[in-house]
Amino acid sequence: MTSAQVDHGQGGRRAAEVADAAPAGEGYQRALGSRQIQMIAIGGAIGTGLFLGAGKAISKAGPSLILAYAVAGLVIFFIMRALGELLMYRPVSGSFSEYAREFIGPFAGFVTGWTYWLFWVVTGITEVTAAAQYMTFWFSIPPWVSALIFTIILYGVNLISVKLFGELEFWFSMVKVTAIVGMILICAGILILGFSDAGDTASVTHLWADGGFFPHGIKGTLMTLQIVMFAFLAVELVGVTAGESKDPKTVLPKAINTVPWRIAVFYVGALVMILSVVPWTVFSPDVSPFVEAFDKMGLGLGAGIVNFVVLTAALSSCNSGMYSTGRMLRDLALNGQGPRLFTRLTRSGTPLVGTTFSAALMLVGVWINYQWPGDAFTYVVSFATISGMWAWIMILVSQLRYRRLADRGVLPQSAFRAPGAPYTSVFALAFIAVVVVMMGIDKDTRISLYCAPLWAALLGVSYLVLKARNPGNRAFAKS
């Protein structure tokens, strides 16, 4: 039974029946345990946006980047608690599009599902391409060979079982977590004991002594918000695992509640330590701050270590893309908003056709990226940030509408209510609006705002065609 079939007018009992029935009918196997869900949640907040993108952000904002990550992290927590409230109301694998479909309308669900699918396809293309380039650090092999091998391996992992996907993601996340914790401990040791080449100059005064905490003013800090938010994309992936978690009503709240300390340690803590040991003026926008920090400390192995970590981060992102795209396509197909072919599952409960279709597109995209680097492909890649934030907007709007219905007694109350809502959700929406404005001001990111209307127009036409061909389908009727 789909969310389009919910009849709000019949009150809480009817809604509760739908909430209970929907997950059971998805056909997935609940094979993801607490350990795997926790690491997927942690790994979703740590990606190449931190390991590589922070260099450019540091050059724009200086030490105030720490504040940008802290404020944005708080917004991410509000988004995740809004998602958690919805997940405890009805834990389903196609969560974002399902909630948008139920609480906003069938077109919103259609747009959200296809947009989130595109986000992960584009992200998968760029990440597997990047992973292939990282391999050239150690081996003289053509990048396309590495990209092909990585795609085939991750495709196979995702088809075998969701448990294997979760296990691989667990170890990918473990590498990223270990690298950041190791960097923090090394920096703390330098600050306290004064060892390494940076020991004589390391000091927390670097956070305000080199041009102040806001060396480029408040505007410089605001201009980094799109880079900061890009780094947090995929943190919502834990919501997609709801339909395959062994105990979603216990595991998911625990994973979501770890968001504040994850951001405090892995983003704020890491940046405080790095910028205390090495002055922010030393960092180059085109080089990973982790690599440069290792170099300034006189630790020659730094480049190789960071290269291994960013390789892991890229493969982790591509692995997540394989996982989420197949489930989004199946959710759309189950609701009549995509080809029925995508509903097929393997014996192990993985979406065969949807995952295969997405993996094939990733391979085509990798080939295009190698043939014509930059140019038109750059415009497609720039769309990733705005499409990822669309999922966050839909989560927040859906939660606001759900809360209104639950408070009126039309729907059952969630066991994991978002604290401070609806005010926190409204604040998060306002913050995202500021980020979009900053993207429009920055010429490097403005192109993504040009791509969005084109994608919206394509989806609008597709939706009207599907609706005309299926006039009696309840997937296109308002709930």
# chains A, B, ... in the order shown; residues from 1 in each chain; ligands from 1

$ closest_atom_pairs --of "range 428-460 of chain A" --to "range 391-410 of chain A" --cutoff "10 Å" --atoms "only C-alpha atoms" --output "tab-separated table"
residue	atom	partner	partner_atom	distance
A:Ala428	CA	A:Leu396	CA	7.8
A:Leu429	CA	A:Ile393	CA	6.6
A:Ile432	CA	A:Ile393	CA	7.9
A:Ala433	CA	A:Ile393	CA	9.6

$ residues_around --residues "Leu233 in chain A" --least-positions-apart "3" --cutoff "9 Å" --atoms "only C-alpha atoms" --output "JSON, numbers by chain"
{"A": [44, 45, 47, 49, 229, 230, 236, 237, 385, 388, 389]}

$ residues_around --residues "Asp210 in chain A" --least-positions-apart "2" --cutoff "10 Å" --atoms "only C-alpha atoms" --output "ChimeraX atom specification"
/A:62-63,205-208,212-215,279-281

$ closest_residue --among "A:Glu167, A:Met183, A:Ser358, A:Asn319" --to "Val291 in chain A" --atoms "only C-alpha atoms"
A:Met183

$ residues_around --residues "Val122 in chain A" --least-positions-apart "3" --cutoff "12 Å" --atoms "only C-alpha atoms" --output "PDB file with all heavy atoms, in the first residue's frame"
ATOM      1  N   THR A 115      14.626  13.445  -8.481  1.00  0.00           N
ATOM      2  CA  THR A 115      15.730  14.377  -8.228  1.00  0.00           C
ATOM      3  C   THR A 115      16.779  13.739  -7.327  1.00  0.00           C
ATOM      4  O   THR A 115      17.992  13.899  -7.561  1.00  0.00           O
ATOM      5  CB  THR A 115      15.211  15.678  -7.586  1.00  0.00           C
ATOM      6  OG1 THR A 115      14.289  16.304  -8.482  1.00  0.00           O
ATOM      7  CG2 THR A 115      16.357  16.649  -7.310  1.00  0.00           C
ATOM      8  N   TYR A 116      16.328  13.015  -6.305  1.00  0.00           N
ATOM      9  CA  TYR A 116      17.296  12.356  -5.426  1.00  0.00           C
ATOM     10  C   TYR A 116      18.028  11.242  -6.175  1.00  0.00           C
ATOM     11  O   TYR A 116      19.212  11.003  -5.949  1.00  0.00           O
ATOM     12  CB  TYR A 116      16.593  11.800  -4.189  1.00  0.00           C
ATOM     13  CG  TYR A 116      17.541  11.499  -3.055  1.00  0.00           C
ATOM     14  CD1 TYR A 116      18.216  12.520  -2.396  1.00  0.00           C
ATOM     15  CD2 TYR A 116      17.762  10.180  -2.635  1.00  0.00           C
ATOM     16  CE1 TYR A 116      19.096  12.244  -1.357  1.00  0.00           C
ATOM     17  CE2 TYR A 116      18.637   9.905  -1.590  1.00  0.00           C
ATOM     18  CZ  TYR A 116      19.300  10.939  -0.961  1.00  0.00           C
ATOM     19  OH  TYR A 116      20.179  10.669   0.067  1.00  0.00           O
ATOM     20  N   TRP A 117      17.316  10.586  -7.065  1.00  0.00           N
ATOM     21  CA  TRP A 117      17.969   9.571  -7.903  1.00  0.00           C
ATOM     22  C   TRP A 117      19.048  10.215  -8.773  1.00  0.00           C
ATOM     23  O   TRP A 117      20.183   9.723  -8.853  1.00  0.00           O
ATOM     24  CB  TRP A 117      16.922   8.886  -8.790  1.00  0.00           C
ATOM     25  CG  TRP A 117      17.533   8.047  -9.881  1.00  0.00           C
ATOM     26  CD1 TRP A 117      18.020   6.777  -9.766  1.00  0.00           C
ATOM     27  CD2 TRP A 117      17.724   8.427 -11.247  1.00  0.00           C
ATOM     28  NE1 TRP A 117      18.514   6.346 -10.976  1.00  0.00           N
ATOM     29  CE2 TRP A 117      18.341   7.340 -11.903  1.00  0.00           C
ATOM     30  CE3 TRP A 117      17.428   9.577 -11.986  1.00  0.00           C
ATOM     31  CZ2 TRP A 117      18.674   7.372 -13.251  1.00  0.00           C
ATOM     32  CZ3 TRP A 117      17.765   9.611 -13.326  1.00  0.00           C
ATOM     33  CH2 TRP A 117      18.378   8.525 -13.954  1.00  0.00           C
ATOM     34  N   LEU A 118      18.723  11.338  -9.416  1.00  0.00           N
ATOM     35  CA  LEU A 118      19.709  12.024 -10.263  1.00  0.00           C
ATOM     36  C   LEU A 118      20.900  12.498  -9.443  1.00  0.00           C
ATOM     37  O   LEU A 118      22.049  12.416  -9.896  1.00  0.00           O
ATOM     38  CB  LEU A 118      19.050  13.213 -10.967  1.00  0.00           C
ATOM     39  CG  LEU A 118      19.986  14.044 -11.862  1.00  0.00           C
ATOM     40  CD1 LEU A 118      20.449  13.215 -13.052  1.00  0.00           C
ATOM     41  CD2 LEU A 118      19.305  15.316 -12.336  1.00  0.00           C
ATOM     42  N   PHE A 119      20.618  12.997  -8.234  1.00  0.00           N
ATOM     43  CA  PHE A 119      21.700  13.456  -7.365  1.00  0.00           C
ATOM     44  C   PHE A 119      22.729  12.357  -7.152  1.00  0.00           C
ATOM     45  O   PHE A 119      23.937  12.576  -7.262  1.00  0.00           O
ATOM     46  CB  PHE A 119      21.116  13.921  -6.022  1.00  0.00           C
ATOM     47  CG  PHE A 119      22.119  13.979  -4.907  1.00  0.00           C
ATOM     48  CD1 PHE A 119      23.134  14.923  -4.910  1.00  0.00           C
ATOM     49  CD2 PHE A 119      22.049  13.082  -3.840  1.00  0.00           C
ATOM     50  CE1 PHE A 119      24.070  14.975  -3.878  1.00  0.00           C
ATOM     51  CE2 PHE A 119      22.976  13.126  -2.813  1.00  0.00           C
ATOM     52  CZ  PHE A 119      23.989  14.071  -2.833  1.00  0.00           C
ATOM     53  N   ILE A 125      28.976   9.243 -10.505  1.00  0.00           N
ATOM     54  CA  ILE A 125      29.861   9.460 -11.656  1.00  0.00           C
ATOM     55  C   ILE A 125      31.111  10.227 -11.238  1.00  0.00           C
ATOM     56  O   ILE A 125      32.244   9.841 -11.552  1.00  0.00           O
ATOM     57  CB  ILE A 125      29.119  10.218 -12.766  1.00  0.00           C
ATOM     58  CG1 ILE A 125      28.033   9.332 -13.380  1.00  0.00           C
ATOM     59  CG2 ILE A 125      30.093  10.681 -13.856  1.00  0.00           C
ATOM     60  CD1 ILE A 125      27.082  10.080 -14.294  1.00  0.00           C
ATOM     61  N   THR A 126      30.908  11.333 -10.540  1.00  0.00           N
ATOM     62  CA  THR A 126      32.046  12.165 -10.150  1.00  0.00           C
ATOM     63  C   THR A 126      32.950  11.456  -9.148  1.00  0.00           C
ATOM     64  O   THR A 126      34.177  11.572  -9.211  1.00  0.00           O
ATOM     65  CB  THR A 126      31.562  13.491  -9.542  1.00  0.00           C
ATOM     66  OG1 THR A 126      30.700  13.229  -8.428  1.00  0.00           O
ATOM     67  CG2 THR A 126      30.787  14.303 -10.560  1.00  0.00           C
ATOM     68  N   GLU A 127      32.345  10.688  -8.230  1.00  0.00           N
ATOM     69  CA  GLU A 127      33.150  10.042  -7.199  1.00  0.00           C
ATOM     70  C   GLU A 127      33.960   8.869  -7.750  1.00  0.00           C
ATOM     71  O   GLU A 127      35.116   8.678  -7.371  1.00  0.00           O
ATOM     72  CB  GLU A 127      32.258   9.563  -6.047  1.00  0.00           C
ATOM     73  CG  GLU A 127      31.553  10.679  -5.285  1.00  0.00           C
ATOM     74  CD  GLU A 127      32.494  11.521  -4.435  1.00  0.00           C
ATOM     75  OE1 GLU A 127      33.718  11.494  -4.651  1.00  0.00           O
ATOM     76  OE2 GLU A 127      31.994  12.224  -3.539  1.00  0.00           O
ATOM     77  N   VAL A 128      33.370   8.074  -8.630  1.00  0.00           N
ATOM     78  CA  VAL A 128      34.127   6.946  -9.178  1.00  0.00           C
ATOM     79  C   VAL A 128      35.208   7.460 -10.136  1.00  0.00           C
ATOM     80  O   VAL A 128      36.295   6.868 -10.251  1.00  0.00           O
ATOM     81  CB  VAL A 128      33.196   5.934  -9.878  1.00  0.00           C
ATOM     82  CG1 VAL A 128      32.766   6.416 -11.266  1.00  0.00           C
ATOM     83  CG2 VAL A 128      33.868   4.568  -9.985  1.00  0.00           C
ATOM     84  N   THR A 129      34.948   8.591 -10.812  1.00  0.00           N
ATOM     85  CA  THR A 129      35.971   9.220 -11.645  1.00  0.00           C
ATOM     86  C   THR A 129      37.119   9.712 -10.773  1.00  0.00           C
ATOM     87  O   THR A 129      38.293   9.526 -11.097  1.00  0.00           O
ATOM     88  CB  THR A 129      35.376  10.403 -12.434  1.00  0.00           C
ATOM     89  OG1 THR A 129      34.290   9.926 -13.238  1.00  0.00           O
ATOM     90  CG2 THR A 129      36.424  11.042 -13.330  1.00  0.00           C
ATOM     91  N   SER A 317      31.003   6.993  -1.180  1.00  0.00           N
ATOM     92  CA  SER A 317      29.930   7.780  -1.788  1.00  0.00           C
ATOM     93  C   SER A 317      29.323   7.050  -2.978  1.00  0.00           C
ATOM     94  O   SER A 317      28.102   7.025  -3.150  1.00  0.00           O
ATOM     95  CB  SER A 317      30.476   9.145  -2.222  1.00  0.00           C
ATOM     96  OG  SER A 317      29.452   9.946  -2.747  1.00  0.00           O
ATOM     97  N   CYS A 318      30.169   6.451  -3.798  1.00  0.00           N
ATOM     98  CA  CYS A 318      29.665   5.702  -4.955  1.00  0.00           C
ATOM     99  C   CYS A 318      28.865   4.487  -4.500  1.00  0.00           C
ATOM    100  O   CYS A 318      27.832   4.157  -5.083  1.00  0.00           O
ATOM    101  CB  CYS A 318      30.841   5.273  -5.838  1.00  0.00           C
ATOM    102  SG  CYS A 318      30.334   4.587  -7.428  1.00  0.00           S
ATOM    103  N   GLY A 321      25.578   5.640  -3.510  1.00  0.00           N
ATOM    104  CA  GLY A 321      24.794   5.970  -4.695  1.00  0.00           C
ATOM    105  C   GLY A 321      24.162   4.745  -5.319  1.00  0.00           C
ATOM    106  O   GLY A 321      22.989   4.758  -5.715  1.00  0.00           O
ATOM    107  N   MET A 322      24.937   3.661  -5.418  1.00  0.00           N
ATOM    108  CA  MET A 322      24.397   2.400  -5.942  1.00  0.00           C
ATOM    109  C   MET A 322      23.208   1.944  -5.098  1.00  0.00           C
ATOM    110  O   MET A 322      22.185   1.488  -5.620  1.00  0.00           O
ATOM    111  CB  MET A 322      25.482   1.323  -5.902  1.00  0.00           C
ATOM    112  CG  MET A 322      26.610   1.541  -6.875  1.00  0.00           C
ATOM    113  SD  MET A 322      26.260   0.842  -8.482  1.00  0.00           S
ATOM    114  CE  MET A 322      27.861   1.007  -9.241  1.00  0.00           C
ATOM    115  N   THR A 325      19.993   4.725  -5.318  1.00  0.00           N
ATOM    116  CA  THR A 325      19.323   4.912  -6.619  1.00  0.00           C
ATOM    117  C   THR A 325      18.355   3.781  -6.932  1.00  0.00           C
ATOM    118  O   THR A 325      17.239   4.016  -7.394  1.00  0.00           O
ATOM    119  CB  THR A 325      20.351   5.027  -7.757  1.00  0.00           C
ATOM    120  OG1 THR A 325      21.274   3.923  -7.677  1.00  0.00           O
ATOM    121  CG2 THR A 325      21.120   6.334  -7.684  1.00  0.00           C
ATOM    122  N   SER A 358      21.024   2.296 -12.974  1.00  0.00           N
ATOM    123  CA  SER A 358      21.810   3.398 -12.420  1.00  0.00           C
ATOM    124  C   SER A 358      23.301   3.164 -12.608  1.00  0.00           C
ATOM    125  O   SER A 358      24.047   4.088 -12.949  1.00  0.00           O
ATOM    126  CB  SER A 358      21.492   3.573 -10.933  1.00  0.00           C
ATOM    127  OG  SER A 358      20.126   3.853 -10.739  1.00  0.00           O
ATOM    128  N   ALA A 359      23.759   1.928 -12.385  1.00  0.00           N
ATOM    129  CA  ALA A 359      25.174   1.607 -12.559  1.00  0.00           C
ATOM    130  C   ALA A 359      25.604   1.792 -14.011  1.00  0.00           C
ATOM    131  O   ALA A 359      26.711   2.283 -14.291  1.00  0.00           O
ATOM    132  CB  ALA A 359      25.447   0.175 -12.112  1.00  0.00           C
ATOM    133  N   LEU A 361      24.292   3.915 -16.159  1.00  0.00           N
ATOM    134  CA  LEU A 361      24.397   5.356 -16.393  1.00  0.00           C
ATOM    135  C   LEU A 361      25.679   5.923 -15.796  1.00  0.00           C
ATOM    136  O   LEU A 361      26.297   6.828 -16.373  1.00  0.00           O
ATOM    137  CB  LEU A 361      23.187   6.084 -15.811  1.00  0.00           C
ATOM    138  CG  LEU A 361      21.879   5.986 -16.582  1.00  0.00           C
ATOM    139  CD1 LEU A 361      20.805   6.830 -15.908  1.00  0.00           C
ATOM    140  CD2 LEU A 361      22.053   6.447 -18.022  1.00  0.00           C
ATOM    141  N   MET A 362      26.081   5.409 -14.634  1.00  0.00           N
ATOM    142  CA  MET A 362      27.324   5.864 -14.030  1.00  0.00           C
ATOM    143  C   MET A 362      28.510   5.563 -14.938  1.00  0.00           C
ATOM    144  O   MET A 362      29.412   6.387 -15.104  1.00  0.00           O
ATOM    145  CB  MET A 362      27.516   5.201 -12.661  1.00  0.00           C
ATOM    146  CG  MET A 362      26.575   5.721 -11.583  1.00  0.00           C
ATOM    147  SD  MET A 362      26.852   4.893  -9.987  1.00  0.00           S
ATOM    148  CE  MET A 362      25.437   5.505  -9.046  1.00  0.00           C
ATOM    149  N   LEU A 363      28.519   4.375 -15.554  1.00  0.00           N
ATOM    150  CA  LEU A 363      29.606   4.020 -16.460  1.00  0.00           C
ATOM    151  C   LEU A 363      29.617   4.918 -17.691  1.00  0.00           C
ATOM    152  O   LEU A 363      30.681   5.363 -18.141  1.00  0.00           O
ATOM    153  CB  LEU A 363      29.480   2.551 -16.880  1.00  0.00           C
ATOM    154  CG  LEU A 363      29.979   1.514 -15.880  1.00  0.00           C
ATOM    155  CD1 LEU A 363      29.750   0.112 -16.420  1.00  0.00           C
ATOM    156  CD2 LEU A 363      31.465   1.724 -15.593  1.00  0.00           C
ATOM    157  N   VAL A 364      28.438   5.208 -18.240  1.00  0.00           N
ATOM    158  CA  VAL A 364      28.352   6.113 -19.394  1.00  0.00           C
ATOM    159  C   VAL A 364      28.851   7.501 -18.999  1.00  0.00           C
ATOM    160  O   VAL A 364      29.597   8.150 -19.748  1.00  0.00           O
ATOM    161  CB  VAL A 364      26.896   6.191 -19.916  1.00  0.00           C
ATOM    162  CG1 VAL A 364      26.773   7.289 -20.974  1.00  0.00           C
ATOM    163  CG2 VAL A 364      26.457   4.847 -20.486  1.00  0.00           C
ATOM    164  N   GLY A 365      28.457   7.960 -17.818  1.00  0.00           N
ATOM    165  CA  GLY A 365      28.887   9.270 -17.351  1.00  0.00           C
ATOM    166  C   GLY A 365      30.379   9.352 -17.148  1.00  0.00           C
ATOM    167  O   GLY A 365      31.013  10.368 -17.444  1.00  0.00           O
ATOM    168  N   VAL A 366      30.981   8.260 -16.637  1.00  0.00           N
ATOM    169  CA  VAL A 366      32.436   8.220 -16.466  1.00  0.00           C
ATOM    170  C   VAL A 366      33.123   8.350 -17.812  1.00  0.00           C
ATOM    171  O   VAL A 366      34.103   9.090 -17.973  1.00  0.00           O
ATOM    172  CB  VAL A 366      32.858   6.912 -15.762  1.00  0.00           C
ATOM    173  CG1 VAL A 366      34.367   6.726 -15.838  1.00  0.00           C
ATOM    174  CG2 VAL A 366      32.409   6.923 -14.312  1.00  0.00           C
ATOM    175  N   ILE A 368      31.929   9.767 -20.545  1.00  0.00           N
ATOM    176  CA  ILE A 368      31.746  11.146 -21.016  1.00  0.00           C
ATOM    177  C   ILE A 368      32.723  12.088 -20.312  1.00  0.00           C
ATOM    178  O   ILE A 368      33.324  12.977 -20.922  1.00  0.00           O
ATOM    179  CB  ILE A 368      30.300  11.610 -20.775  1.00  0.00           C
ATOM    180  CG1 ILE A 368      29.332  10.825 -21.668  1.00  0.00           C
ATOM    181  CG2 ILE A 368      30.147  13.109 -21.037  1.00  0.00           C
ATOM    182  CD1 ILE A 368      27.866  11.107 -21.380  1.00  0.00           C
ATOM    183  N   ASN A 369      32.910  11.861 -19.013  1.00  0.00           N
ATOM    184  CA  ASN A 369      33.804  12.720 -18.237  1.00  0.00           C
ATOM    185  C   ASN A 369      35.246  12.605 -18.717  1.00  0.00           C
ATOM    186  O   ASN A 369      35.991  13.591 -18.719  1.00  0.00           O
ATOM    187  CB  ASN A 369      33.714  12.343 -16.756  1.00  0.00           C
ATOM    188  CG  ASN A 369      34.209  13.453 -15.851  1.00  0.00           C
ATOM    189  OD1 ASN A 369      34.339  14.597 -16.264  1.00  0.00           O
ATOM    190  ND2 ASN A 369      34.494  13.105 -14.617  1.00  0.00           N
ATOM    191  N   PHE A 377      29.531  18.788 -19.217  1.00  0.00           N
ATOM    192  CA  PHE A 377      29.441  17.883 -18.084  1.00  0.00           C
ATOM    193  C   PHE A 377      29.596  18.627 -16.760  1.00  0.00           C
ATOM    194  O   PHE A 377      29.006  18.257 -15.752  1.00  0.00           O
ATOM    195  CB  PHE A 377      30.508  16.798 -18.202  1.00  0.00           C
ATOM    196  CG  PHE A 377      30.305  15.649 -17.258  1.00  0.00           C
ATOM    197  CD1 PHE A 377      29.350  14.686 -17.526  1.00  0.00           C
ATOM    198  CD2 PHE A 377      31.037  15.556 -16.097  1.00  0.00           C
ATOM    199  CE1 PHE A 377      29.150  13.637 -16.660  1.00  0.00           C
ATOM    200  CE2 PHE A 377      30.844  14.509 -15.225  1.00  0.00           C
ATOM    201  CZ  PHE A 377      29.896  13.542 -15.513  1.00  0.00           C
ATOM    202  N   THR A 378      30.383  19.697 -16.768  1.00  0.00           N
ATOM    203  CA  THR A 378      30.576  20.491 -15.555  1.00  0.00           C
ATOM    204  C   THR A 378      29.257  21.067 -15.075  1.00  0.00           C
ATOM    205  O   THR A 378      28.988  21.151 -13.872  1.00  0.00           O
ATOM    206  CB  THR A 378      31.573  21.633 -15.816  1.00  0.00           C
ATOM    207  OG1 THR A 378      32.811  21.069 -16.239  1.00  0.00           O
ATOM    208  CG2 THR A 378      31.809  22.453 -14.562  1.00  0.00           C
ATOM    209  N   TYR A 379      28.401  21.469 -16.018  1.00  0.00           N
ATOM    210  CA  TYR A 379      27.111  22.034 -15.652  1.00  0.00           C
ATOM    211  C   TYR A 379      26.217  20.989 -14.983  1.00  0.00           C
ATOM    212  O   TYR A 379      25.457  21.296 -14.062  1.00  0.00           O
ATOM    213  CB  TYR A 379      26.412  22.605 -16.887  1.00  0.00           C
ATOM    214  CG  TYR A 379      27.200  23.706 -17.556  1.00  0.00           C
ATOM    215  CD1 TYR A 379      27.863  23.490 -18.759  1.00  0.00           C
ATOM    216  CD2 TYR A 379      27.292  24.964 -16.977  1.00  0.00           C
ATOM    217  CE1 TYR A 379      28.588  24.501 -19.355  1.00  0.00           C
ATOM    218  CE2 TYR A 379      28.021  25.982 -17.569  1.00  0.00           C
ATOM    219  CZ  TYR A 379      28.666  25.740 -18.766  1.00  0.00           C
ATOM    220  OH  TYR A 379      29.399  26.735 -19.352  1.00  0.00           O
ATOM    221  N   VAL A 380      26.313  19.755 -15.453  1.00  0.00           N
ATOM    222  CA  VAL A 380      25.506  18.692 -14.857  1.00  0.00           C
ATOM    223  C   VAL A 380      25.978  18.410 -13.428  1.00  0.00           C
ATOM    224  O   VAL A 380      25.184  18.270 -12.498  1.00  0.00           O
ATOM    225  CB  VAL A 380      25.587  17.405 -15.707  1.00  0.00           C
ATOM    226  CG1 VAL A 380      24.793  16.287 -15.054  1.00  0.00           C
ATOM    227  CG2 VAL A 380      25.079  17.673 -17.117  1.00  0.00           C
ATOM    228  N   VAL A 381      27.313  18.357 -13.252  1.00  0.00           N
ATOM    229  CA  VAL A 381      27.870  18.076 -11.939  1.00  0.00           C
ATOM    230  C   VAL A 381      27.493  19.175 -10.941  1.00  0.00           C
ATOM    231  O   VAL A 381      27.225  18.909  -9.767  1.00  0.00           O
ATOM    232  CB  VAL A 381      29.404  17.932 -12.028  1.00  0.00           C
ATOM    233  CG1 VAL A 381      30.021  17.821 -10.644  1.00  0.00           C
ATOM    234  CG2 VAL A 381      29.765  16.721 -12.868  1.00  0.00           C
ATOM    235  N   SER A 382      27.458  20.412 -11.393  1.00  0.00           N
ATOM    236  CA  SER A 382      27.147  21.530 -10.499  1.00  0.00           C
ATOM    237  C   SER A 382      25.734  21.452  -9.948  1.00  0.00           C
ATOM    238  O   SER A 382      25.398  22.102  -8.956  1.00  0.00           O
ATOM    239  CB  SER A 382      27.340  22.864 -11.226  1.00  0.00           C
ATOM    240  OG  SER A 382      26.373  23.014 -12.246  1.00  0.00           O
ATOM    241  N   PHE A 383      24.901  20.628 -10.583  1.00  0.00           N
ATOM    242  CA  PHE A 383      23.511  20.479 -10.147  1.00  0.00           C
ATOM    243  C   PHE A 383      23.399  19.624  -8.883  1.00  0.00           C
ATOM    244  O   PHE A 383      22.367  19.635  -8.206  1.00  0.00           O
ATOM    245  CB  PHE A 383      22.710  19.839 -11.281  1.00  0.00           C
ATOM    246  CG  PHE A 383      21.254  19.641 -10.972  1.00  0.00           C
ATOM    247  CD1 PHE A 383      20.420  20.729 -10.777  1.00  0.00           C
ATOM    248  CD2 PHE A 383      20.715  18.374 -10.887  1.00  0.00           C
ATOM    249  CE1 PHE A 383      19.076  20.543 -10.489  1.00  0.00           C
ATOM    250  CE2 PHE A 383      19.368  18.190 -10.610  1.00  0.00           C
ATOM    251  CZ  PHE A 383      18.557  19.277 -10.417  1.00  0.00           C
ATOM    252  N   ALA A 384      24.471  18.898  -8.532  1.00  0.00           N
ATOM    253  CA  ALA A 384      24.404  17.958  -7.408  1.00  0.00           C
ATOM    254  C   ALA A 384      24.016  18.638  -6.099  1.00  0.00           C
ATOM    255  O   ALA A 384      23.189  18.126  -5.350  1.00  0.00           O
ATOM    256  CB  ALA A 384      25.736  17.229  -7.249  1.00  0.00           C
ATOM    257  N   THR A 385      24.610  19.801  -5.826  1.00  0.00           N
ATOM    258  CA  THR A 385      24.351  20.452  -4.540  1.00  0.00           C
ATOM    259  C   THR A 385      22.895  20.868  -4.407  1.00  0.00           C
ATOM    260  O   THR A 385      22.241  20.590  -3.391  1.00  0.00           O
ATOM    261  CB  THR A 385      25.256  21.685  -4.373  1.00  0.00           C
ATOM    262  OG1 THR A 385      26.614  21.281  -4.474  1.00  0.00           O
ATOM    263  CG2 THR A 385      25.031  22.343  -3.013  1.00  0.00           C
ATOM    264  N   SER A 387      20.285  19.793  -6.024  1.00  0.00           N
ATOM    265  CA  SER A 387      19.364  18.649  -6.028  1.00  0.00           C
ATOM    266  C   SER A 387      19.400  17.921  -4.685  1.00  0.00           C
ATOM    267  O   SER A 387      18.383  17.425  -4.217  1.00  0.00           O
ATOM    268  CB  SER A 387      19.711  17.678  -7.164  1.00  0.00           C
ATOM    269  OG  SER A 387      21.019  17.172  -7.025  1.00  0.00           O
ATOM    270  N   GLY A 388      20.589  17.870  -4.058  1.00  0.00           N
ATOM    271  CA  GLY A 388      20.678  17.251  -2.741  1.00  0.00           C
ATOM    272  C   GLY A 388      19.912  18.045  -1.697  1.00  0.00           C
ATOM    273  O   GLY A 388      19.247  17.468  -0.826  1.00  0.00           O
TER     274      GLY A 388
END

$ residues_around --residues "range 218-227 of chain A" --least-positions-apart "4" --cutoff "8 Å" --atoms "only C-alpha atoms" --output "number ranges by chain"
A: 49, 53-54, 57, 60-61, 64-65, 68, 72, 214, 231, 385, 435-436, 438-439, 442

$ select_by_dssp --residues "range 38-272 of chain A" --states "alpha helix (DSSP H)" --output "number ranges by chain"
A: 38-44, 48-51, 54-61, 65-89, 95-103, 106-135, 143-160, 162-193, 206-209, 217-222, 225-232, 248-257, 259-263, 270-272

$ closest_residue --among "A:Val111, A:Val272, A:Ala293, A:Val175" --to "Ser196 in chain A" --atoms "only C-alpha atoms"
A:Ala293

$ closest_residue --among "A:Phe110, A:Val162, A:Phe283, A:Gln371" --to "Ala333 in chain A" --atoms "only C-alpha atoms"
A:Phe110

$ residues_around --residues "Phe476 in chain A" --least-positions-apart "3" --cutoff "10 Å" --atoms "only C-alpha atoms" --output "list in words"
Ala4, Arg101, Gly105, Pro106, Phe107, Gly109, Phe110, Asn335, Gly336, Gln337, Tyr463, Leu464, Leu466, Lys467, Ala468, Asn470, Pro471, Gly472, Asn473 and Ser479 of chain A

$ residues_around --residues "Gly420 in chain A" --least-positions-apart "2" --cutoff "12 Å" --atoms "only C-alpha atoms" --output "PDB file with C-alpha atoms, in the first residue's frame"
ATOM      1  CA  PHE A  77      20.643  18.311  13.137  1.00  0.00           C
ATOM      2  CA  PHE A  78      17.264  20.072  12.801  1.00  0.00           C
ATOM      3  CA  ILE A  79      16.807  18.432   9.388  1.00  0.00           C
ATOM      4  CA  ARG A  81      15.395  15.308  13.704  1.00  0.00           C
ATOM      5  CA  ALA A  82      12.594  16.318  11.319  1.00  0.00           C
ATOM      6  CA  LEU A 400       5.767  20.612   9.246  1.00  0.00           C
ATOM      7  CA  ARG A 403       3.160  17.740  12.775  1.00  0.00           C
ATOM      8  CA  ARG A 417       9.280  14.222  17.977  1.00  0.00           C
ATOM      9  CA  ALA A 418      11.643  16.909  16.681  1.00  0.00           C
ATOM     10  CA  PRO A 422       7.981  23.839  14.025  1.00  0.00           C
ATOM     11  CA  TYR A 423      10.379  26.736  14.744  1.00  0.00           C
ATOM     12  CA  THR A 424      13.523  24.684  14.151  1.00  0.00           C
ATOM     13  CA  SER A 425      12.202  23.424  10.805  1.00  0.00           C
ATOM     14  CA  VAL A 426      11.296  26.959   9.699  1.00  0.00           C
ATOM     15  CA  PHE A 427      14.771  28.148  10.727  1.00  0.00           C
ATOM     16  CA  ALA A 428      16.368  25.346   8.706  1.00  0.00           C
TER      17      ALA A 428
END

$ atom_distance --atom1 "CA of Phe357 in chain A" --atom2 "CA of Val121 in chain A"
10.1 Å

$ atom_distance --atom1 "CA of Leu334 in chain A" --atom2 "CA of Thr356 in chain A"
17.3 Å
